[in-house]
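Coordinates as given in data26.pdb (PDB, C-alpha atoms):
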ATOM      1  CA  MET A   1       0.000   0.000   0.000
ATOM      2  CA  SER A   2       1.353   3.416  -0.912
ATOM      3  CA  VAL A   3       2.021   6.308   1.425
ATOM      4  CA  VAL A   4      -0.763   8.237  -0.298
ATOM      5  CA  SER A   5      -3.306   5.544   0.595
ATOM      6  CA  ALA A   6      -2.234   5.770   4.227
ATOM      7  CA  LEU A   7      -2.838   9.517   4.433
ATOM      8  CA  PRO A   8      -6.544   9.300   5.367
ATOM      9  CA  PHE A   9      -5.462   7.560   8.561
ATOM     10  CA  LEU A  10      -2.961  10.311   9.371
ATOM     11  CA  LEU A  11      -5.504  13.027   8.786
ATOM     12  CA  ARG A  12      -8.215  11.357  10.846
ATOM     13  CA  PRO A  13      -8.856  13.661  13.833
ATOM     14  CA  LEU A  14      -8.981  12.628  17.447
ATOM     15  CA  HIS A  15     -12.471  12.112  18.854
ATOM     16  CA  GLY A  16     -13.851  15.409  19.954
ATOM     17  CA  SER A  17     -11.591  17.556  17.755
ATOM     18  CA  ALA A  18     -12.904  20.462  15.736
ATOM     19  CA  THR A  19     -12.881  18.461  12.528
ATOM     20  CA  SER A  20     -15.053  15.634  13.914
ATOM     21  CA  PRO A  21     -18.505  15.332  12.306
ATOM     22  CA  VAL A  22     -21.222  17.305  14.079
ATOM     23  CA  SER A  23     -24.898  16.473  13.868
ATOM     24  CA  PRO A  24     -26.853  19.197  12.016
ATOM     25  CA  ASN A  25     -29.336  19.125  14.910
ATOM     26  CA  ARG A  26     -26.663  20.057  17.421
ATOM     27  CA  GLN A  27     -24.936  23.387  17.764
ATOM     28  CA  ARG A  28     -21.560  23.848  19.322
ATOM     29  CA  ARG A  29     -21.254  26.036  22.374
ATOM     30  CA  HIS A  30     -17.497  26.312  21.997
ATOM     31  CA  THR A  31     -15.056  26.181  19.125
ATOM     32  CA  LEU A  32     -12.530  23.452  19.838
ATOM     33  CA  PRO A  33      -8.945  23.754  18.552
ATOM     34  CA  ALA A  34      -8.409  22.077  15.168
ATOM     35  CA  ILE A  35      -6.140  19.031  15.459
ATOM     36  CA  GLU A  36      -4.184  17.632  12.543
ATOM     37  CA  PHE A  37      -1.685  14.807  12.157
ATOM     38  CA  ARG A  38       0.448  14.884   9.014
ATOM     39  CA  CYS A  39       3.872  14.028   7.661
ATOM     40  CA  LEU A  40       6.412  16.805   8.064
ATOM     41  CA  ASN A  41       8.450  18.476   5.333
ATOM     42  CA  ALA A  42      11.590  20.578   5.092
ATOM     43  CA  GLU A  43       9.578  23.748   5.715
ATOM     44  CA  ASP A  44       8.770  22.449   9.201
ATOM     45  CA  SER A  45      12.455  22.045  10.091
ATOM     46  CA  ILE A  46      12.894  25.166  12.195
ATOM     47  CA  SER A  47       9.759  24.514  14.267
ATOM     48  CA  VAL A  48      10.889  20.911  14.748
ATOM     49  CA  PHE A  49      14.370  21.898  15.852
ATOM     50  CA  GLU A  50      13.148  24.554  18.296
ATOM     51  CA  ILE A  51      10.976  21.983  20.092
ATOM     52  CA  GLU A  52      13.713  19.350  20.014
ATOM     53  CA  ARG A  53      16.443  21.702  21.270
ATOM     54  CA  GLU A  54      14.404  22.814  24.281
ATOM     55  CA  ALA A  55      13.289  19.266  25.098
ATOM     56  CA  PHE A  56      16.685  17.582  24.942
ATOM     57  CA  ILE A  57      19.237  20.263  25.823
ATOM     58  CA  SER A  58      17.480  20.839  29.151
ATOM     59  CA  VAL A  59      17.647  17.115  30.000
ATOM     60  CA  SER A  60      20.777  15.606  28.461
ATOM     61  CA  GLY A  61      22.609  18.539  26.913
ATOM     62  CA  GLU A  62      22.516  16.825  23.491
ATOM     63  CA  CYS A  63      20.099  16.968  20.553
ATOM     64  CA  PRO A  64      19.431  13.725  18.646
ATOM     65  CA  LEU A  65      19.317  15.733  15.406
ATOM     66  CA  HIS A  66      20.858  19.093  14.586
ATOM     67  CA  LEU A  67      19.002  21.493  12.284
ATOM     68  CA  ASP A  68      20.825  20.392   9.138
ATOM     69  CA  GLU A  69      20.090  16.741  10.012
ATOM     70  CA  VAL A  70      16.418  17.539  10.563
ATOM     71  CA  ARG A  71      16.291  19.099   7.081
ATOM     72  CA  HIS A  72      18.229  16.124   5.706
ATOM     73  CA  PHE A  73      15.694  13.526   6.867
ATOM     74  CA  LEU A  74      12.624  15.647   6.142
ATOM     75  CA  THR A  75      13.903  16.029   2.572
ATOM     76  CA  LEU A  76      14.934  12.388   2.037
ATOM     77  CA  CYS A  77      12.081  10.580   3.786
ATOM     78  CA  PRO A  78       9.312  12.938   4.942
ATOM     79  CA  GLU A  79       6.850  10.030   4.785
ATOM     80  CA  LEU A  80       8.556   8.533   7.851
ATOM     81  CA  SER A  81       7.824  11.569  10.003
ATOM     82  CA  LEU A  82       4.674  12.581  11.828
ATOM     83  CA  GLY A  83       3.708  15.960  13.253
ATOM     84  CA  TRP A  84       0.862  16.852  15.596
ATOM     85  CA  PHE A  85      -0.548  20.319  14.892
ATOM     86  CA  VAL A  86      -3.039  22.298  16.946
ATOM     87  CA  GLU A  87      -4.525  25.283  15.116
ATOM     88  CA  GLY A  88      -1.632  25.103  12.684
ATOM     89  CA  ARG A  89       1.018  25.073  15.400
ATOM     90  CA  LEU A  90       3.389  22.126  15.728
ATOM     91  CA  VAL A  91       3.146  20.717  19.260
ATOM     92  CA  ALA A  92       4.795  17.281  18.939
ATOM     93  CA  PHE A  93       6.601  15.243  16.312
ATOM     94  CA  ILE A  94       8.466  12.064  15.386
ATOM     95  CA  ILE A  95      11.216  11.773  12.774
ATOM     96  CA  GLY A  96      12.283   8.407  11.376
ATOM     97  CA  SER A  97      14.323   6.941   8.528
ATOM     98  CA  LEU A  98      14.874   3.479   7.059
ATOM     99  CA  TRP A  99      17.615   1.167   8.296
ATOM    100  CA  ASP A 100      18.769  -2.193   6.894
ATOM    101  CA  GLN A 101      20.559  -4.001   9.733
ATOM    102  CA  ASP A 102      19.420  -5.931  12.814
ATOM    103  CA  ARG A 103      21.055  -3.508  15.252
ATOM    104  CA  LEU A 104      21.756   0.206  15.120
ATOM    105  CA  THR A 105      25.263   1.456  14.380
ATOM    106  CA  THR A 106      26.708   4.958  14.221
ATOM    107  CA  ASP A 107      25.765   5.144  10.530
ATOM    108  CA  ALA A 108      22.110   4.918  11.515
ATOM    109  CA  LEU A 109      22.367   8.395  13.051
ATOM    110  CA  THR A 110      22.830  10.070   9.676
ATOM    111  CA  LEU A 111      21.897   7.615   6.906
ATOM    112  CA  HIS A 112      18.597   6.729   5.269
ATOM    113  CA  LYS A 113      18.621   3.259   3.664
ATOM    114  CA  PRO A 114      15.818   3.346   1.041
ATOM    115  CA  HIS A 115      15.681  -0.447   0.697
ATOM    116  CA  GLY A 116      15.597  -1.124   4.431
ATOM    117  CA  SER A 117      12.591  -2.624   6.220
ATOM    118  CA  THR A 118      13.328  -1.156   9.659
ATOM    119  CA  VAL A 119      12.243   2.334  10.677
ATOM    120  CA  HIS A 120      14.770   3.971  12.966
ATOM    121  CA  ILE A 121      12.943   6.506  15.143
ATOM    122  CA  HIS A 122      15.474   9.272  15.660
ATOM    123  CA  VAL A 123      13.485  11.558  17.905
ATOM    124  CA  LEU A 124      10.115  12.061  19.559
ATOM    125  CA  ALA A 125       9.574  15.425  21.226
ATOM    126  CA  VAL A 126       6.653  17.398  22.654
ATOM    127  CA  HIS A 127       6.515  21.170  23.078
ATOM    128  CA  ARG A 128       7.017  22.173  26.720
ATOM    129  CA  THR A 129       3.524  23.653  27.111
ATOM    130  CA  PHE A 130       1.931  20.376  25.988
ATOM    131  CA  ARG A 131       3.889  17.923  28.143
ATOM    132  CA  GLN A 132       2.470  15.768  30.943
ATOM    133  CA  GLN A 133      -0.751  15.411  28.941
ATOM    134  CA  GLY A 134      -0.161  11.992  27.397
ATOM    135  CA  LYS A 135       0.586  13.423  23.966
ATOM    136  CA  GLY A 136       3.814  11.453  23.565
ATOM    137  CA  SER A 137       1.963   8.170  24.058
ATOM    138  CA  ILE A 138      -0.800   9.161  21.640
ATOM    139  CA  LEU A 139       1.703  10.256  19.007
ATOM    140  CA  ILE A 140       3.811   7.081  19.134
ATOM    141  CA  TRP A 141       0.616   4.975  18.940
ATOM    142  CA  ARG A 142      -0.596   6.832  15.850
ATOM    143  CA  TYR A 143       2.861   6.615  14.297
ATOM    144  CA  LEU A 144       3.016   2.842  14.737
ATOM    145  CA  GLN A 145      -0.471   2.484  13.238
ATOM    146  CA  TYR A 146       0.677   4.553  10.282
ATOM    147  CA  LEU A 147       3.773   2.375   9.820
ATOM    148  CA  ARG A 148       1.495  -0.670   9.655
ATOM    149  CA  CYS A 149       0.016   0.880   6.518
ATOM    150  CA  LEU A 150       3.419   0.849   4.793
ATOM    151  CA  PRO A 151       4.009  -2.636   3.319
ATOM    152  CA  TYR A 152       7.796  -2.341   3.254
ATOM    153  CA  VAL A 153       8.137  -1.688   6.994
ATOM    154  CA  ARG A 154       8.756  -4.728   9.207
ATOM    155  CA  ARG A 155       9.615  -3.131  12.548
ATOM    156  CA  ALA A 156      10.507   0.096  14.337
ATOM    157  CA  VAL A 157      13.642   0.545  16.434
ATOM    158  CA  LEU A 158      14.967   3.305  18.653
ATOM    159  CA  MET A 159      17.640   4.068  21.222
ATOM    160  CA  CYS A 160      16.816   5.779  24.492
ATOM    161  CA  GLU A 161      18.196   6.443  27.944
ATOM    162  CA  ASP A 162      17.285   4.100  30.800
ATOM    163  CA  PHE A 163      14.609   6.329  32.300
ATOM    164  CA  LEU A 164      12.593   6.259  29.048
ATOM    165  CA  VAL A 165      12.447   2.453  28.782
ATOM    166  CA  PRO A 166       9.140   2.156  30.733
ATOM    167  CA  PHE A 167       7.497   4.752  28.474
ATOM    168  CA  TYR A 168       8.375   2.879  25.290
ATOM    169  CA  ARG A 169       7.524  -0.491  26.834
ATOM    170  CA  LYS A 170       3.970   0.755  27.350
ATOM    171  CA  SER A 171       3.860   1.537  23.625
ATOM    172  CA  GLY A 172       4.821  -2.023  22.655
ATOM    173  CA  PHE A 173       8.608  -1.779  22.385
ATOM    174  CA  LYS A 174      10.875  -4.464  23.826
ATOM    175  CA  VAL A 175      14.464  -4.139  24.974
ATOM    176  CA  GLN A 176      17.083  -5.603  22.642
ATOM    177  CA  GLY A 177      19.990  -4.739  24.899
ATOM    178  CA  PRO A 178      22.615  -2.011  25.264
ATOM    179  CA  CYS A 179      23.006   0.097  22.127
ATOM    180  CA  LYS A 180      26.399   0.135  20.413
ATOM    181  CA  ILE A 181      26.067   3.889  19.933
ATOM    182  CA  THR A 182      27.281   6.334  22.572
ATOM    183  CA  VAL A 183      27.177  10.130  22.519
ATOM    184  CA  GLY A 184      29.869  11.535  24.752
ATOM    185  CA  PRO A 185      29.212  10.101  28.225
ATOM    186  CA  LEU A 186      25.669   9.066  27.324
ATOM    187  CA  THR A 187      24.786   5.398  26.832
ATOM    188  CA  PHE A 188      21.519   4.032  25.474
ATOM    189  CA  ILE A 189      19.206   1.041  25.433
ATOM    190  CA  GLU A 190      18.090  -0.262  22.049
ATOM    191  CA  MET A 191      14.407  -1.190  21.712
ATOM    192  CA  GLN A 192      12.253  -2.580  18.909
ATOM    193  CA  CYS A 193       8.581  -3.028  18.053
ATOM    194  CA  PRO A 194       7.254  -5.285  15.247
ATOM    195  CA  VAL A 195       4.807  -3.584  12.902
ATOM    196  CA  ARG A 196       4.033  -6.494  10.573
ATOM    197  CA  GLY A 197       1.748  -9.452  11.249
ATOM    198  CA  HIS A 198      -0.936  -7.302  12.826
ATOM    199  CA  SER A 199      -3.686  -8.008  10.304
ATOM    200  CA  PHE A 200      -6.469  -7.090  12.705
ATOM    201  CA  MET A 201      -4.880  -3.730  13.435
ATOM    202  CA  ARG A 202      -4.440  -3.029   9.722
ATOM    203  CA  ARG A 203      -8.055  -3.910   8.937
ATOM    204  CA  ASN A 204      -9.258  -1.484  11.560
ATOM    205  CA  SER A 205      -6.855   1.415  11.055
ATOM    206  CA  GLY A 206      -8.164   2.736   7.738
ATOM    207  CA  CYS A 207      -5.235   1.278   5.782
TER
END
Encoding of this model in structure tokens:
Amino acid sequence: MSVVSALPFLLRPLHGSATSPVSPNRQRRHTLPAIEFRCLNAEDSISVFEIEREAFISVSGECPLHLDEVRHFLTLCPELSLGWFVEGRLVAFIIGSLWDQDRLTTDALTLHKPHGSTVHIHVLAVHRTFRQQGKGSILIWRYLQYLRCLPYVRRAVLMCEDFLVPFYRKSGFKVQGPCKITVGPLTFIEMQCPVRGHSFMRRNSGC
């Protein structure tokens, strides 16, 4: 199935959003903020990097992707990204690329392997004013459902610090072991989540 055929799933609003159908016999008392999920593009790079820089520099002192790397991936493989917009404003995002080996290596930080079947999730970040609201969990769930619409994707992998392991476990990821990649003094755990073989999920996700 093509990326284009998966787009209706991405654009499907959350229940209760402003773009949800409203009965003609009911009138709204309030205008709810419009919510949109869509793939990112190079024009979103600055907004992406501003959210990422604030989220990661304050915690670890390092950004997973610098601005030129954000542009790089959003130019090469925008279909493997997902942004959450509220009234046109980016509030959370994921950036991924394809990888073609069982485990991550340093090359996975900068390369996109077009013939790979593994999506390497480089970064997930939420704007500071929207944190502690469960948006990270919702976004990773929607992203994994979207990946299930892409026939060439077999699994998703990521590397994270120890304190984030419980968060990703709740989203269906399992620990593979210590990651071979280090960034300065930082070490990481490598995790993976299968996205194939979920026929029921695909039938019910609009794919």
- Note on the structure: One residue among A:Ile181, A:Leu186, A:Ala125, A:Val157 is nearest to Phe56 of chain A when using all atoms listed in the file, and that residue is A:Ala125
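Atom CA of Lys135 of chain A lies 24.2 Å from atom CA of Glu69 of chain A.
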- Note on the structure: Taken to one decimal, the atom CA of Arg169 of chain A-atom CA of Cys149 of chain A distance is 21.7 Å
Do you know which residues are at most 6 Å from Arg154 of chain A counting all atoms listed in the file, after dropping those on the same chain fewer than 6 positions away, and could you put them as an mmCIF file with C-alpha atoms, in the frame of the given file?
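Final output, result-v2.cif:
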data_model
loop_
_atom_site.group_PDB
_atom_site.id
_atom_site.type_symbol
_atom_site.label_atom_id
_atom_site.label_comp_id
_atom_site.auth_asym_id
_atom_site.auth_seq_id
_atom_site.Cartn_x
_atom_site.Cartn_y
_atom_site.Cartn_z
ATOM 1 C CA SER A 117 12.591 -2.624 6.220
ATOM 2 C CA THR A 118 13.328 -1.156 9.659
ATOM 3 C CA VAL A 195 4.807 -3.584 12.902
ATOM 4 C CA ARG A 196 4.033 -6.494 10.573
#
- Message: When you count all atoms listed in the file, which of these residues is closest to Ile121 of chain A: A:Ile140, A:Ile95, A:Leu65, A:Val175?
- Response: A:Ile95
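Applied to the shown file, the PyMOL selection byres ((chain A and resi 76) around 10) selects the residues Asn41, Ala42, Arg71, His72, Phe73, Leu74, Thr75, Cys77, Pro78, Glu79, Leu80, Ser97, Leu111, His112, Lys113 and Pro114 of chain A.
Distance check against Val119 of chain A using all atoms listed in the file: of A:Glu87, A:His66, A:Cys39, A:Cys193, the minimum falls on A:Cys193.
Atom CA of Trp99 of chain A is positioned 24.8 Å from atom CA of Ile46 of chain A.
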Please, what is the axis-aligned box for every listed atom of segment 93-111 of chain A with 6 Å on each side, as centre and edge lengths in Å to one decimal, as JSON?
{"center_x": 16.7, "center_y": 4.7, "center_z": 11.6, "size_x": 32.1, "size_y": 33.2, "size_z": 21.4}
